[in-house]
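Here's upload-v6.cif, which has mmCIF, C-alpha atoms:
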```cif
data_data
loop_
_atom_site.group_PDB
_atom_site.id
_atom_site.type_symbol
_atom_site.label_atom_id
_atom_site.label_comp_id
_atom_site.auth_asym_id
_atom_site.auth_seq_id
_atom_site.Cartn_x
_atom_site.Cartn_y
_atom_site.Cartn_z
ATOM 1 C CA MET A 1 0.000 0.000 0.000
ATOM 2 C CA LYS A 2 2.831 2.421 0.897
ATOM 3 C CA ARG A 3 4.500 1.718 -2.429
ATOM 4 C CA LYS A 4 1.260 2.400 -4.308
ATOM 5 C CA ILE A 5 0.764 5.693 -2.468
ATOM 6 C CA SER A 6 4.383 6.653 -3.200
ATOM 7 C CA THR A 7 3.912 5.845 -6.876
ATOM 8 C CA LEU A 8 0.715 7.905 -6.964
ATOM 9 C CA LEU A 9 2.485 10.909 -5.395
ATOM 10 C CA THR A 10 5.309 10.626 -7.918
ATOM 11 C CA PHE A 11 2.744 10.462 -10.708
ATOM 12 C CA LEU A 12 1.011 13.624 -9.479
ATOM 13 C CA ILE A 13 4.300 15.522 -9.141
ATOM 14 C CA LEU A 14 5.310 14.583 -12.674
ATOM 15 C CA SER A 15 1.926 15.827 -13.881
ATOM 16 C CA LEU A 16 2.901 19.314 -12.775
ATOM 17 C CA LEU A 17 6.136 19.220 -14.753
ATOM 18 C CA ILE A 18 4.650 18.709 -18.208
ATOM 19 C CA ILE A 19 5.926 21.221 -20.746
ATOM 20 C CA PRO A 20 3.305 22.254 -23.309
ATOM 21 C CA SER A 21 3.946 22.074 -27.043
ATOM 22 C CA SER A 22 4.230 25.297 -28.986
ATOM 23 C CA LEU A 23 1.912 24.716 -31.937
ATOM 24 C CA ALA A 24 -1.555 23.259 -32.467
ATOM 25 C CA HIS A 25 -3.771 23.477 -29.405
ATOM 26 C CA ASP A 26 -2.079 25.899 -27.035
ATOM 27 C CA ASP A 27 -1.328 23.135 -24.542
ATOM 28 C CA GLN A 28 -1.813 19.425 -23.967
ATOM 29 C CA ALA A 29 -4.791 20.081 -21.700
ATOM 30 C CA LYS A 30 -6.919 21.035 -24.705
ATOM 31 C CA HIS A 31 -6.024 17.831 -26.525
ATOM 32 C CA ASP A 32 -6.823 15.911 -23.343
ATOM 33 C CA ALA A 33 -10.208 17.652 -23.132
ATOM 34 C CA ASP A 34 -10.992 16.665 -26.730
ATOM 35 C CA LEU A 35 -10.131 13.058 -25.952
ATOM 36 C CA MET A 36 -12.328 13.065 -22.852
ATOM 37 C CA CYS A 37 -15.221 14.323 -24.974
ATOM 38 C CA VAL A 38 -14.712 11.498 -27.446
ATOM 39 C CA PHE A 39 -14.472 8.908 -24.670
ATOM 40 C CA TRP A 40 -17.322 10.174 -22.479
ATOM 41 C CA GLY A 41 -19.099 12.995 -24.302
ATOM 42 C CA ASP A 42 -17.963 15.538 -21.711
ATOM 43 C CA ASP A 43 -14.569 16.951 -20.768
ATOM 44 C CA LYS A 44 -15.815 17.501 -17.206
ATOM 45 C CA VAL A 45 -16.761 13.869 -16.605
ATOM 46 C CA SER A 46 -16.239 12.615 -13.057
ATOM 47 C CA LEU A 47 -13.591 9.888 -12.924
ATOM 48 C CA SER A 48 -12.268 7.886 -10.010
ATOM 49 C CA SER A 49 -8.639 8.436 -9.000
ATOM 50 C CA GLU A 50 -7.550 5.273 -10.798
ATOM 51 C CA GLU A 51 -9.562 6.166 -13.892
ATOM 52 C CA LYS A 52 -7.845 9.565 -13.939
ATOM 53 C CA ILE A 53 -4.443 7.880 -13.873
ATOM 54 C CA ALA A 54 -5.469 5.445 -16.606
ATOM 55 C CA PHE A 55 -6.748 8.261 -18.801
ATOM 56 C CA LYS A 56 -3.586 10.293 -18.197
ATOM 57 C CA ILE A 57 -1.429 7.381 -19.325
ATOM 58 C CA ILE A 58 -3.318 7.297 -22.627
ATOM 59 C CA ALA A 59 -3.332 11.082 -23.049
ATOM 60 C CA ASN A 60 0.379 11.363 -22.265
ATOM 61 C CA ALA A 61 1.224 8.519 -24.622
ATOM 62 C CA ALA A 62 -0.647 10.358 -27.380
ATOM 63 C CA ALA A 63 1.200 13.585 -26.551
ATOM 64 C CA ILE A 64 4.592 11.875 -26.735
ATOM 65 C CA THR A 65 3.744 9.979 -29.916
ATOM 66 C CA ILE A 66 2.434 12.996 -31.793
ATOM 67 C CA ASP A 67 3.806 16.220 -30.337
ATOM 68 C CA GLN A 68 7.143 15.586 -28.635
ATOM 69 C CA TYR A 69 10.225 17.225 -30.141
ATOM 70 C CA SER A 70 13.362 18.898 -28.824
ATOM 71 C CA LEU A 71 14.915 21.986 -30.371
ATOM 72 C CA ASN A 72 18.340 20.538 -29.588
ATOM 73 C CA PRO A 73 19.646 17.109 -28.515
ATOM 74 C CA ASN A 74 19.947 18.225 -24.899
ATOM 75 C CA GLY A 75 16.447 19.660 -24.657
ATOM 76 C CA ARG A 76 14.721 16.363 -23.811
ATOM 77 C CA ILE A 77 11.330 18.079 -23.969
ATOM 78 C CA LYS A 78 8.453 16.120 -22.421
ATOM 79 C CA GLU A 79 10.760 13.626 -20.749
ATOM 80 C CA GLY A 80 8.697 14.225 -17.619
ATOM 81 C CA THR A 81 5.574 13.262 -19.555
ATOM 82 C CA PHE A 82 7.258 10.054 -20.688
ATOM 83 C CA ASN A 83 8.281 9.264 -17.110
ATOM 84 C CA GLU A 84 4.712 9.888 -16.005
ATOM 85 C CA ILE A 85 3.545 7.146 -18.386
ATOM 86 C CA GLN A 86 6.036 4.749 -16.828
ATOM 87 C CA GLU A 87 4.967 5.670 -13.299
ATOM 88 C CA GLY A 88 1.321 5.214 -14.229
ATOM 89 C CA LEU A 89 1.930 1.752 -15.656
ATOM 90 C CA LYS A 90 3.864 0.803 -12.517
ATOM 91 C CA TYR A 91 0.954 2.046 -10.403
ATOM 92 C CA PHE A 92 -1.266 -0.577 -12.037
ATOM 93 C CA GLY A 93 1.395 -3.271 -11.680
ATOM 94 C CA LEU A 94 2.028 -3.315 -15.429
ATOM 95 C CA PRO A 95 5.398 -3.466 -17.196
ATOM 96 C CA GLU A 96 6.965 -0.154 -18.125
ATOM 97 C CA LEU A 97 7.435 0.617 -21.795
ATOM 98 C CA SER A 98 10.491 -1.215 -23.061
ATOM 99 C CA ILE A 99 11.552 1.709 -25.242
ATOM 100 C CA ASN A 100 13.953 4.351 -23.921
ATOM 101 C CA PHE A 101 13.235 8.088 -24.071
ATOM 102 C CA ASN A 102 16.449 8.606 -26.037
ATOM 103 C CA ASP A 103 15.054 6.382 -28.781
ATOM 104 C CA ILE A 104 11.895 8.435 -29.274
ATOM 105 C CA ASP A 105 13.200 11.967 -28.662
ATOM 106 C CA LEU A 106 12.607 13.848 -31.923
ATOM 107 C CA ASN A 107 15.661 16.071 -32.384
ATOM 108 C CA ILE A 108 18.396 16.878 -34.886
ATOM 109 C CA LYS A 109 19.760 13.325 -34.621
ATOM 110 C CA VAL A 110 16.543 12.073 -36.212
ATOM 111 C CA SER A 111 16.319 14.885 -38.755
ATOM 112 C CA ASN A 112 16.820 13.859 -42.368
ATOM 113 C CA ASP A 113 18.418 17.183 -43.321
ATOM 114 C CA GLY A 114 20.740 17.719 -40.358
ATOM 115 C CA LYS A 115 18.745 20.711 -39.140
ATOM 116 C CA ASN A 116 17.185 21.275 -35.740
ATOM 117 C CA ILE A 117 13.535 20.324 -35.404
ATOM 118 C CA SER A 118 11.147 23.291 -35.282
ATOM 119 C CA PRO A 119 7.468 23.692 -34.307
ATOM 120 C CA ASN A 120 6.458 23.225 -37.944
ATOM 121 C CA THR A 121 8.995 20.680 -39.185
ATOM 122 C CA HIS A 122 8.303 18.229 -36.359
ATOM 123 C CA ARG A 123 4.912 17.592 -37.928
ATOM 124 C CA LEU A 124 6.553 16.053 -40.984
ATOM 125 C CA TYR A 125 7.607 13.196 -38.714
ATOM 126 C CA THR A 126 4.335 12.683 -36.838
ATOM 127 C CA HIS A 127 1.274 14.503 -38.225
ATOM 128 C CA LEU A 128 0.804 13.180 -41.760
ATOM 129 C CA GLY A 129 -1.271 10.119 -40.898
ATOM 130 C CA TRP A 130 -1.291 7.077 -38.634
ATOM 131 C CA ASN A 131 -0.331 4.751 -41.492
ATOM 132 C CA TYR A 132 1.478 7.297 -43.660
ATOM 133 C CA LYS A 133 4.453 5.666 -45.406
ATOM 134 C CA LYS A 134 6.565 8.621 -46.521
ATOM 135 C CA HIS A 135 7.729 10.323 -43.354
ATOM 136 C CA PRO A 136 11.301 11.660 -43.486
ATOM 137 C CA ASN A 137 12.192 8.867 -41.053
ATOM 138 C CA ASN A 138 9.696 5.992 -41.142
ATOM 139 C CA ASP A 139 11.648 3.845 -38.694
ATOM 140 C CA PHE A 140 11.421 6.634 -36.146
ATOM 141 C CA TRP A 141 7.653 6.962 -36.654
ATOM 142 C CA LYS A 142 7.239 3.238 -36.007
ATOM 143 C CA LYS A 143 8.992 3.683 -32.658
ATOM 144 C CA ARG A 144 6.866 6.681 -31.770
ATOM 145 C CA LYS A 145 3.633 4.851 -32.597
ATOM 146 C CA HIS A 146 4.568 2.133 -30.156
ATOM 147 C CA VAL A 147 4.618 4.557 -27.249
ATOM 148 C CA LEU A 148 0.859 4.880 -27.692
ATOM 149 C CA ILE A 149 0.189 1.344 -28.906
ATOM 150 C CA ASP A 150 2.124 -0.392 -26.124
ATOM 151 C CA SER A 151 0.710 1.888 -23.427
ATOM 152 C CA VAL A 152 -2.857 1.215 -24.559
ATOM 153 C CA ASN A 153 -2.195 -2.487 -25.070
ATOM 154 C CA ARG A 154 -0.844 -2.890 -21.540
ATOM 155 C CA LEU A 155 -3.546 -0.780 -19.937
ATOM 156 C CA LEU A 156 -6.704 -1.826 -21.791
ATOM 157 C CA PHE A 157 -6.170 -5.003 -23.768
ATOM 158 C CA ASN A 158 -4.043 -7.385 -21.698
ATOM 159 C CA SER A 159 -3.764 -5.934 -18.192
ATOM 160 C CA LYS A 160 -5.498 -8.877 -16.540
ATOM 161 C CA LYS A 161 -4.018 -11.718 -18.577
ATOM 162 C CA ILE A 162 -1.421 -14.103 -17.222
ATOM 163 C CA PHE A 163 2.155 -12.912 -17.931
ATOM 164 C CA SER A 164 0.836 -9.392 -18.582
ATOM 165 C CA TRP A 165 2.850 -8.050 -15.641
ATOM 166 C CA PHE A 166 6.174 -9.458 -16.903
ATOM 167 C CA PRO A 167 8.386 -6.993 -18.811
ATOM 168 C CA TRP A 168 9.159 -8.072 -22.381
ATOM 169 C CA ALA A 169 7.018 -11.214 -22.094
ATOM 170 C CA SER A 170 3.889 -9.075 -22.227
ATOM 171 C CA ASP A 171 4.726 -7.723 -25.691
ATOM 172 C CA VAL A 172 5.740 -11.138 -27.003
ATOM 173 C CA VAL A 173 2.859 -13.176 -25.616
ATOM 174 C CA TYR A 174 0.217 -10.477 -26.068
ATOM 175 C CA PRO A 175 1.244 -8.306 -29.025
ATOM 176 C CA PRO A 176 -1.117 -5.454 -29.911
ATOM 177 C CA SER A 177 -4.219 -6.661 -31.706
ATOM 178 C CA GLU A 178 -5.686 -5.089 -34.818
ATOM 179 C CA GLN A 179 -8.404 -3.625 -32.606
ATOM 180 C CA CYS A 180 -5.801 -2.089 -30.295
ATOM 181 C CA ASP A 181 -3.947 -0.514 -33.219
ATOM 182 C CA ALA A 182 -7.192 0.856 -34.673
ATOM 183 C CA PHE A 183 -8.232 2.315 -31.318
ATOM 184 C CA CYS A 184 -4.854 4.050 -31.088
ATOM 185 C CA ALA A 185 -5.388 5.413 -34.595
ATOM 186 C CA ILE A 186 -8.664 6.973 -33.439
ATOM 187 C CA ILE A 187 -6.872 8.569 -30.474
ATOM 188 C CA TYR A 188 -4.249 9.858 -32.902
ATOM 189 C CA TYR A 189 -6.853 11.426 -35.176
ATOM 190 C CA VAL A 190 -8.668 13.093 -32.284
ATOM 191 C CA HIS A 191 -5.386 14.902 -31.646
ATOM 192 C CA ILE A 192 -4.967 15.889 -35.302
ATOM 193 C CA ILE A 193 -8.569 17.121 -35.408
ATOM 194 C CA GLY A 194 -7.681 19.351 -32.464
ATOM 195 C CA ASP A 195 -4.824 20.778 -34.504
ATOM 196 C CA HIS A 196 -7.267 21.582 -37.296
ATOM 197 C CA ILE A 197 -9.583 23.304 -34.822
ATOM 198 C CA ALA A 198 -6.645 25.411 -33.641
ATOM 199 C CA GLY A 199 -5.586 26.109 -37.234
ATOM 200 C CA ASP A 200 -6.659 29.717 -37.579
ATOM 201 C CA THR A 201 -3.719 30.490 -39.869
ATOM 202 C CA ALA A 202 -2.342 28.668 -42.896
ATOM 203 C CA ASP A 203 0.978 28.197 -41.112
ATOM 204 C CA LYS A 204 -0.715 26.162 -38.382
ATOM 205 C CA LEU A 205 -2.144 23.781 -40.979
ATOM 206 C CA LYS A 206 1.121 22.917 -42.676
ATOM 207 C CA ASN A 207 2.294 19.318 -42.640
ATOM 208 C CA ILE A 208 -0.814 17.732 -41.116
ATOM 209 C CA GLU A 209 -3.212 15.273 -42.694
ATOM 210 C CA PRO A 210 -6.239 17.107 -44.167
ATOM 211 C CA LEU A 211 -9.818 16.351 -43.176
ATOM 212 C CA ILE A 212 -10.479 14.894 -46.631
ATOM 213 C CA HIS A 213 -8.309 14.035 -49.628
ATOM 214 C CA TYR A 214 -7.245 17.080 -51.628
ATOM 215 C CA THR A 215 -4.151 16.556 -53.718
ATOM 216 C CA SER A 216 -2.279 13.384 -52.740
ATOM 217 C CA MET A 217 -3.395 9.779 -52.386
ATOM 218 C CA ASP A 218 -0.639 9.420 -49.791
ATOM 219 C CA THR A 219 -2.948 11.326 -47.449
ATOM 220 C CA PRO A 220 -6.498 10.018 -47.960
ATOM 221 C CA GLY A 221 -7.839 12.335 -45.279
ATOM 222 C CA ILE A 222 -8.835 11.994 -41.653
ATOM 223 C CA ILE A 223 -12.485 11.081 -42.241
ATOM 224 C CA VAL A 224 -11.637 8.221 -44.606
ATOM 225 C CA GLU A 225 -9.052 6.953 -42.133
ATOM 226 C CA LEU A 226 -11.492 7.212 -39.239
ATOM 227 C CA LYS A 227 -14.223 5.306 -41.057
ATOM 228 C CA GLU A 228 -11.783 2.464 -41.709
ATOM 229 C CA GLN A 229 -10.492 2.311 -38.133
ATOM 230 C CA LEU A 230 -13.974 2.562 -36.620
ATOM 231 C CA GLN A 231 -14.988 -0.540 -38.580
ATOM 232 C CA ILE A 232 -12.178 -2.448 -36.860
ATOM 233 C CA VAL A 233 -12.658 -1.136 -33.327
ATOM 234 C CA PHE A 234 -16.421 -1.656 -33.336
ATOM 235 C CA GLN A 235 -16.545 -4.809 -35.444
ATOM 236 C CA GLU A 236 -19.203 -6.361 -33.220
ATOM 237 C CA GLN A 237 -21.345 -3.219 -33.200
ATOM 238 C CA LYS A 238 -21.351 -2.440 -36.911
ATOM 239 C CA ASN A 239 -25.017 -3.395 -37.184
ATOM 240 C CA SER A 240 -26.097 -1.142 -34.337
ATOM 241 C CA TYR A 241 -28.080 2.019 -34.953
ATOM 242 C CA THR A 242 -25.430 4.131 -33.205
ATOM 243 C CA PHE A 243 -22.700 2.900 -35.533
ATOM 244 C CA PHE A 244 -24.918 3.345 -38.594
ATOM 245 C CA GLU A 245 -25.722 6.917 -37.576
ATOM 246 C CA LEU A 246 -22.050 7.670 -36.880
ATOM 247 C CA ASP A 247 -21.002 6.365 -40.278
ATOM 248 C CA GLN A 248 -23.766 8.331 -41.988
ATOM 249 C CA LYS A 249 -22.851 11.556 -40.205
ATOM 250 C CA LEU A 250 -19.223 11.148 -41.285
ATOM 251 C CA SER A 251 -20.321 10.596 -44.881
ATOM 252 C CA ASP A 252 -22.577 13.649 -44.747
ATOM 253 C CA LEU A 253 -19.745 15.777 -43.397
ATOM 254 C CA THR A 254 -17.459 14.546 -46.169
ATOM 255 C CA ILE A 255 -20.011 15.627 -48.774
ATOM 256 C CA SER A 256 -20.336 19.004 -47.090
ATOM 257 C CA ILE A 257 -16.570 19.510 -47.180
ATOM 258 C CA GLU A 258 -16.326 18.304 -50.780
ATOM 259 C CA LYS A 259 -18.836 20.940 -51.840
ATOM 260 C CA ASN A 260 -16.292 23.507 -50.731
ATOM 261 C CA CYS A 261 -13.309 21.876 -52.406
ATOM 262 C CA ASP A 262 -13.262 24.352 -55.284
ATOM 263 C CA ILE A 263 -13.256 27.127 -52.720
ATOM 264 C CA LEU A 264 -10.849 25.456 -50.331
ATOM 265 C CA GLY A 265 -8.170 23.742 -52.388
ATOM 266 C CA PHE A 266 -5.054 24.498 -50.428
ATOM 267 C CA ILE A 267 -6.003 26.134 -47.148
ATOM 268 C CA ASP A 268 -4.036 29.338 -47.444
ATOM 269 C CA THR A 269 -6.349 32.204 -46.475
ATOM 270 C CA ALA A 270 -8.096 33.289 -43.286
ATOM 271 C CA GLU A 271 -11.489 32.483 -44.832
ATOM 272 C CA LYS A 272 -10.431 28.957 -45.776
ATOM 273 C CA CYS A 273 -8.888 28.395 -42.352
ATOM 274 C CA LYS A 274 -12.115 29.445 -40.656
ATOM 275 C CA LYS A 275 -14.157 27.069 -42.799
ATOM 276 C CA ASN A 276 -11.727 24.246 -42.088
ATOM 277 C CA GLN A 277 -11.965 24.962 -38.355
ATOM 278 C CA GLU A 278 -15.750 24.744 -38.520
ATOM 279 C CA HIS A 279 -15.585 21.383 -40.282
ATOM 280 C CA ALA A 280 -13.069 20.071 -37.746
ATOM 281 C CA GLU A 281 -15.316 21.164 -34.885
ATOM 282 C CA GLN A 282 -18.248 19.369 -36.515
ATOM 283 C CA LEU A 283 -16.136 16.235 -36.847
ATOM 284 C CA LEU A 284 -15.173 16.314 -33.178
ATOM 285 C CA GLN A 285 -18.817 16.829 -32.210
ATOM 286 C CA ILE A 286 -19.886 13.817 -34.281
ATOM 287 C CA LEU A 287 -17.311 11.604 -32.598
ATOM 288 C CA SER A 288 -18.174 12.953 -29.146
ATOM 289 C CA LYS A 289 -21.850 12.221 -29.661
ATOM 290 C CA HIS A 290 -21.504 8.621 -30.848
ATOM 291 C CA LEU A 291 -18.275 7.067 -29.569
ATOM 292 C CA PRO A 292 -19.138 7.166 -25.840
ATOM 293 C CA THR A 293 -22.149 4.909 -26.481
ATOM 294 C CA LEU A 294 -20.076 2.500 -28.545
ATOM 295 C CA LEU A 295 -17.095 2.464 -26.185
ATOM 296 C CA LYS A 296 -19.115 1.610 -23.102
ATOM 297 C CA ASN A 297 -20.132 -1.619 -24.849
ATOM 298 C CA GLU A 298 -16.552 -2.667 -25.582
ATOM 299 C CA SER A 299 -14.962 -4.988 -23.021
ATOM 300 C CA PHE A 300 -11.475 -3.486 -23.420
ATOM 301 C CA PHE A 301 -12.811 -0.058 -22.448
ATOM 302 C CA LYS A 302 -15.327 -0.876 -19.742
ATOM 303 C CA SER A 303 -12.848 -3.158 -17.980
ATOM 304 C CA ARG A 304 -10.802 -0.062 -17.063
ATOM 305 C CA PHE A 305 -13.382 2.733 -17.181
ATOM 306 C CA LYS A 306 -16.645 1.953 -15.403
#
```
Take the structure I supplied and represent it as structure tokens, if you would.
Amino acid sequence: MKRKISTLLTFLILSLLIIPSSLAHDDQAKHDADLMCVFWGDDKVSLSSEEKIAFKIIANAAAITIDQYSLNPNGRIKEGTFNEIQEGLKYFGLPELSINFNDIDLNIKVSNDGKNISPNTHRLYTHLGWNYKKHPNNDFWKKRKHVLIDSVNRLLFNSKKIFSWFPWASDVVYPPSEQCDAFCAIIYYVHIIGDHIAGDTADKLKNIEPLIHYTSMDTPGIIVELKEQLQIVFQEQKNSYTFFELDQKLSDLTISIEKNCDILGFIDTAEKCKKNQEHAEQLLQILSKHLPTLLKNESFFKSRFK
């Protein structure tokens, strides 16, 4: 009991040391609020102390996977956030992530052009799509994805299985399932949607996957990606009315955006940015209305969040 209390105190202290990112939503708290809305329909939902820790593990893993970068090799930005993930996993008696912070720190050593990573250029490595194949450093992106995938897999998909508490063995015996990967993709896209909502200037919309396909088949668009991943996560609920309505709303929004394609094209004016923000807000609202109902019926989710 003393050890668990000590771990909890360490976790709370680390929470106060998180350094916010400099682009997109103004700070991680806004991304976390978006994710809470998608999980529960409300960013003010009342969670138990353990549910708060579990959610923070997921939110921090998303922040590291998508937004972490250091302006120089010694910056080690968000290392405290990474450590908080490890402390949270330990709190639940789960193995820490096997990857080292040095291996996932996005800095000049990872850069393909030998230049320091900046608020805009870091997105080339992390914001172009969950399954995007043409990042400047694809091997690095695979490592970054596993911060989120392995955190979610430990916490939601195999936390109560035999061997799940053994380091290394957990990943070998219980590798992430297709459903786990797809759920992580949804978490990823909630974050990118938040970046679109914050994109009130063209500069803030550079190097992120668009809401729908515009000019390159390498980036099919967030809505297309979401529809594919939702089919995997909610395989057993695809015939439900809630899923049908969700899918229809996403299709309707796509049509609405497509009607503006001739106007939008590349989003490079204040007017286009505003329209894109409105569409992104609508997309987040659609997810926040339907996913909570679907998630509460999924065993992986309700086993951790009552």
Please enumerate the residues selected by the PyMOL selection byres ((chain A and resi 188) around 12) when evaluated against the supplied file, formatted as a compact mmCIF listing (two decimals) with C-alpha atoms, in the frame of the given file.
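out_1.txt, written as the output of this step:
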```txt
# COMPACT_ATOMS: atom_id res chain seq x y z
CA HIS A 31 -6.02 17.83 -26.52
CA ASP A 32 -6.82 15.91 -23.34
CA ASP A 34 -10.99 16.66 -26.73
CA LEU A 35 -10.13 13.06 -25.95
CA VAL A 38 -14.71 11.50 -27.45
CA ILE A 58 -3.32 7.30 -22.63
CA ALA A 59 -3.33 11.08 -23.05
CA ASN A 60 0.38 11.36 -22.26
CA ALA A 61 1.22 8.52 -24.62
CA ALA A 62 -0.65 10.36 -27.38
CA ALA A 63 1.20 13.58 -26.55
CA ILE A 64 4.59 11.88 -26.74
CA THR A 65 3.74 9.98 -29.92
CA ILE A 66 2.43 13.00 -31.79
CA ASP A 67 3.81 16.22 -30.34
CA THR A 126 4.34 12.68 -36.84
CA HIS A 127 1.27 14.50 -38.22
CA LEU A 128 0.80 13.18 -41.76
CA GLY A 129 -1.27 10.12 -40.90
CA TRP A 130 -1.29 7.08 -38.63
CA ASN A 131 -0.33 4.75 -41.49
CA ARG A 144 6.87 6.68 -31.77
CA LYS A 145 3.63 4.85 -32.60
CA VAL A 147 4.62 4.56 -27.25
CA LEU A 148 0.86 4.88 -27.69
CA ILE A 149 0.19 1.34 -28.91
CA ASP A 181 -3.95 -0.51 -33.22
CA ALA A 182 -7.19 0.86 -34.67
CA PHE A 183 -8.23 2.32 -31.32
CA CYS A 184 -4.85 4.05 -31.09
CA ALA A 185 -5.39 5.41 -34.60
CA ILE A 186 -8.66 6.97 -33.44
CA ILE A 187 -6.87 8.57 -30.47
CA TYR A 189 -6.85 11.43 -35.18
CA VAL A 190 -8.67 13.09 -32.28
CA HIS A 191 -5.39 14.90 -31.65
CA ILE A 192 -4.97 15.89 -35.30
CA ILE A 193 -8.57 17.12 -35.41
CA GLY A 194 -7.68 19.35 -32.46
CA ASP A 195 -4.82 20.78 -34.50
CA ILE A 208 -0.81 17.73 -41.12
CA GLU A 209 -3.21 15.27 -42.69
CA ILE A 222 -8.84 11.99 -41.65
CA GLU A 225 -9.05 6.95 -42.13
CA LEU A 226 -11.49 7.21 -39.24
CA GLN A 229 -10.49 2.31 -38.13
```
### Query
Separation of CA of Glu278 in chain A and CA of Ser251 in chain A, in Å?
16.2 Å
### Query
Distance CA of Thr219 in chain A-CA of Lys134 in chain A, one decimal place?
9.9 Å
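For Gln179 in chain A, the list of residues within 12 Å, based on all atoms listed in the file and with local chain neighbours fewer than 5 positions off taken out, reads A:Ile149, A:Val152, A:Asn153, A:Leu156, A:Phe157, A:Cys184, A:Ala185, A:Ile186, A:Glu228, A:Gln229, A:Leu230, A:Gln231, A:Ile232, A:Val233, A:Phe234, A:Gln235, A:Glu236, A:Glu298, A:Ser299, A:Phe300, A:Phe301.
If you measure from each of A:Phe243, A:Phe92, A:Phe101, A:Tyr132 to Leu287 in chain A using all atoms listed in the file, the closest one turns out to be A:Phe243.
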### Query
For the file shown, what are the residues hit by the PyMOL selection byres ((chain A and resi 249) around 12), laid out as number ranges by chain?
A: 223, 227, 242-248, 250-256, 282-287, 289-290
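For the pair CA of Val45 in chain A and CA of Lys274 in chain A, the interatomic distance is 29.0 Å.
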What box, with edges along x, y and z, holds each listed atom of range 139-145 of chain A when 4 Å is added on every side, and can you state its centre and edge lengths in Å to one decimal, as JSON?
```
{"center_x": 7.6, "center_y": 5.1, "center_z": -35.2, "size_x": 16.0, "size_y": 11.7, "size_z": 14.9}
```
### Picked residues, the PyMOL selection byres ((chain A and resi 292) around 9), expected as a list of chain:residue names
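Going through the file, the PyMOL selection byres ((chain A and resi 292) around 9) ends up selecting A:Cys37, A:Val38, A:Phe39, A:Trp40, A:Gly41, A:Leu287, A:Ser288, A:Lys289, A:His290, A:Leu291, A:Thr293, A:Leu294, A:Leu295, A:Lys296, A:Asn297.
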Could the residues in this selection be saved with C-alpha atoms as a CSV table (one decimal), in the coordinates of the input?
```csv
chain,number,residue,atom,x,y,z
A,37,CYS,CA,-15.2,14.3,-25.0
A,38,VAL,CA,-14.7,11.5,-27.4
A,39,PHE,CA,-14.5,8.9,-24.7
A,40,TRP,CA,-17.3,10.2,-22.5
A,41,GLY,CA,-19.1,13.0,-24.3
A,287,LEU,CA,-17.3,11.6,-32.6
A,288,SER,CA,-18.2,13.0,-29.1
A,289,LYS,CA,-21.8,12.2,-29.7
A,290,HIS,CA,-21.5,8.6,-30.8
A,291,LEU,CA,-18.3,7.1,-29.6
A,293,THR,CA,-22.1,4.9,-26.5
A,294,LEU,CA,-20.1,2.5,-28.5
A,295,LEU,CA,-17.1,2.5,-26.2
A,296,LYS,CA,-19.1,1.6,-23.1
A,297,ASN,CA,-20.1,-1.6,-24.8
```
Point (-6.0, 28.4, -44.4), cut-off 12 Å, counting all atoms listed in the file, residues as a short mmCIF file (atom, residue, chain, number, x, y, z; two decimals) with C-alpha atoms, keeping the file's coordinate frame:
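Listed below is the output, selection_26.cif:
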```cif
data_model
loop_
_atom_site.label_atom_id
_atom_site.label_comp_id
_atom_site.auth_asym_id
_atom_site.auth_seq_id
_atom_site.Cartn_x
_atom_site.Cartn_y
_atom_site.Cartn_z
CA HIS A 196 -7.27 21.58 -37.30
CA ILE A 197 -9.58 23.30 -34.82
CA ALA A 198 -6.64 25.41 -33.64
CA GLY A 199 -5.59 26.11 -37.23
CA ASP A 200 -6.66 29.72 -37.58
CA THR A 201 -3.72 30.49 -39.87
CA ALA A 202 -2.34 28.67 -42.90
CA ASP A 203 0.98 28.20 -41.11
CA LYS A 204 -0.72 26.16 -38.38
CA LEU A 205 -2.14 23.78 -40.98
CA LYS A 206 1.12 22.92 -42.68
CA PRO A 210 -6.24 17.11 -44.17
CA ILE A 263 -13.26 27.13 -52.72
CA LEU A 264 -10.85 25.46 -50.33
CA GLY A 265 -8.17 23.74 -52.39
CA PHE A 266 -5.05 24.50 -50.43
CA ILE A 267 -6.00 26.13 -47.15
CA ASP A 268 -4.04 29.34 -47.44
CA THR A 269 -6.35 32.20 -46.48
CA ALA A 270 -8.10 33.29 -43.29
CA GLU A 271 -11.49 32.48 -44.83
CA LYS A 272 -10.43 28.96 -45.78
CA CYS A 273 -8.89 28.40 -42.35
CA LYS A 274 -12.12 29.44 -40.66
CA LYS A 275 -14.16 27.07 -42.80
CA ASN A 276 -11.73 24.25 -42.09
CA GLN A 277 -11.96 24.96 -38.35
CA GLU A 278 -15.75 24.74 -38.52
#
```
### Query
If we count all atoms listed in the file, what is near Asn74 in chain A at a cut-off of 12 Å, once residues fewer than 6 positions away on the same chain are taken out, given as a ChimeraX atom specification?
/A:102,105-109,116
### Query
Using only C-alpha atoms, which residue out of A:Ile77, A:Lys90, A:Asn158, A:Ile104 lies closest to Ser303 in chain A?
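Of the candidates, the smallest distance to Ser303 in chain A is held by A:Asn158.
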### Task
Point out the residue among A:Leu155, A:Ile99, A:Leu71, A:Met36 with the least atom-to-atom distance to Ile57 in chain A, counting only C-alpha atoms.
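For Ile57 in chain A, the nearest of the candidates is A:Leu155.
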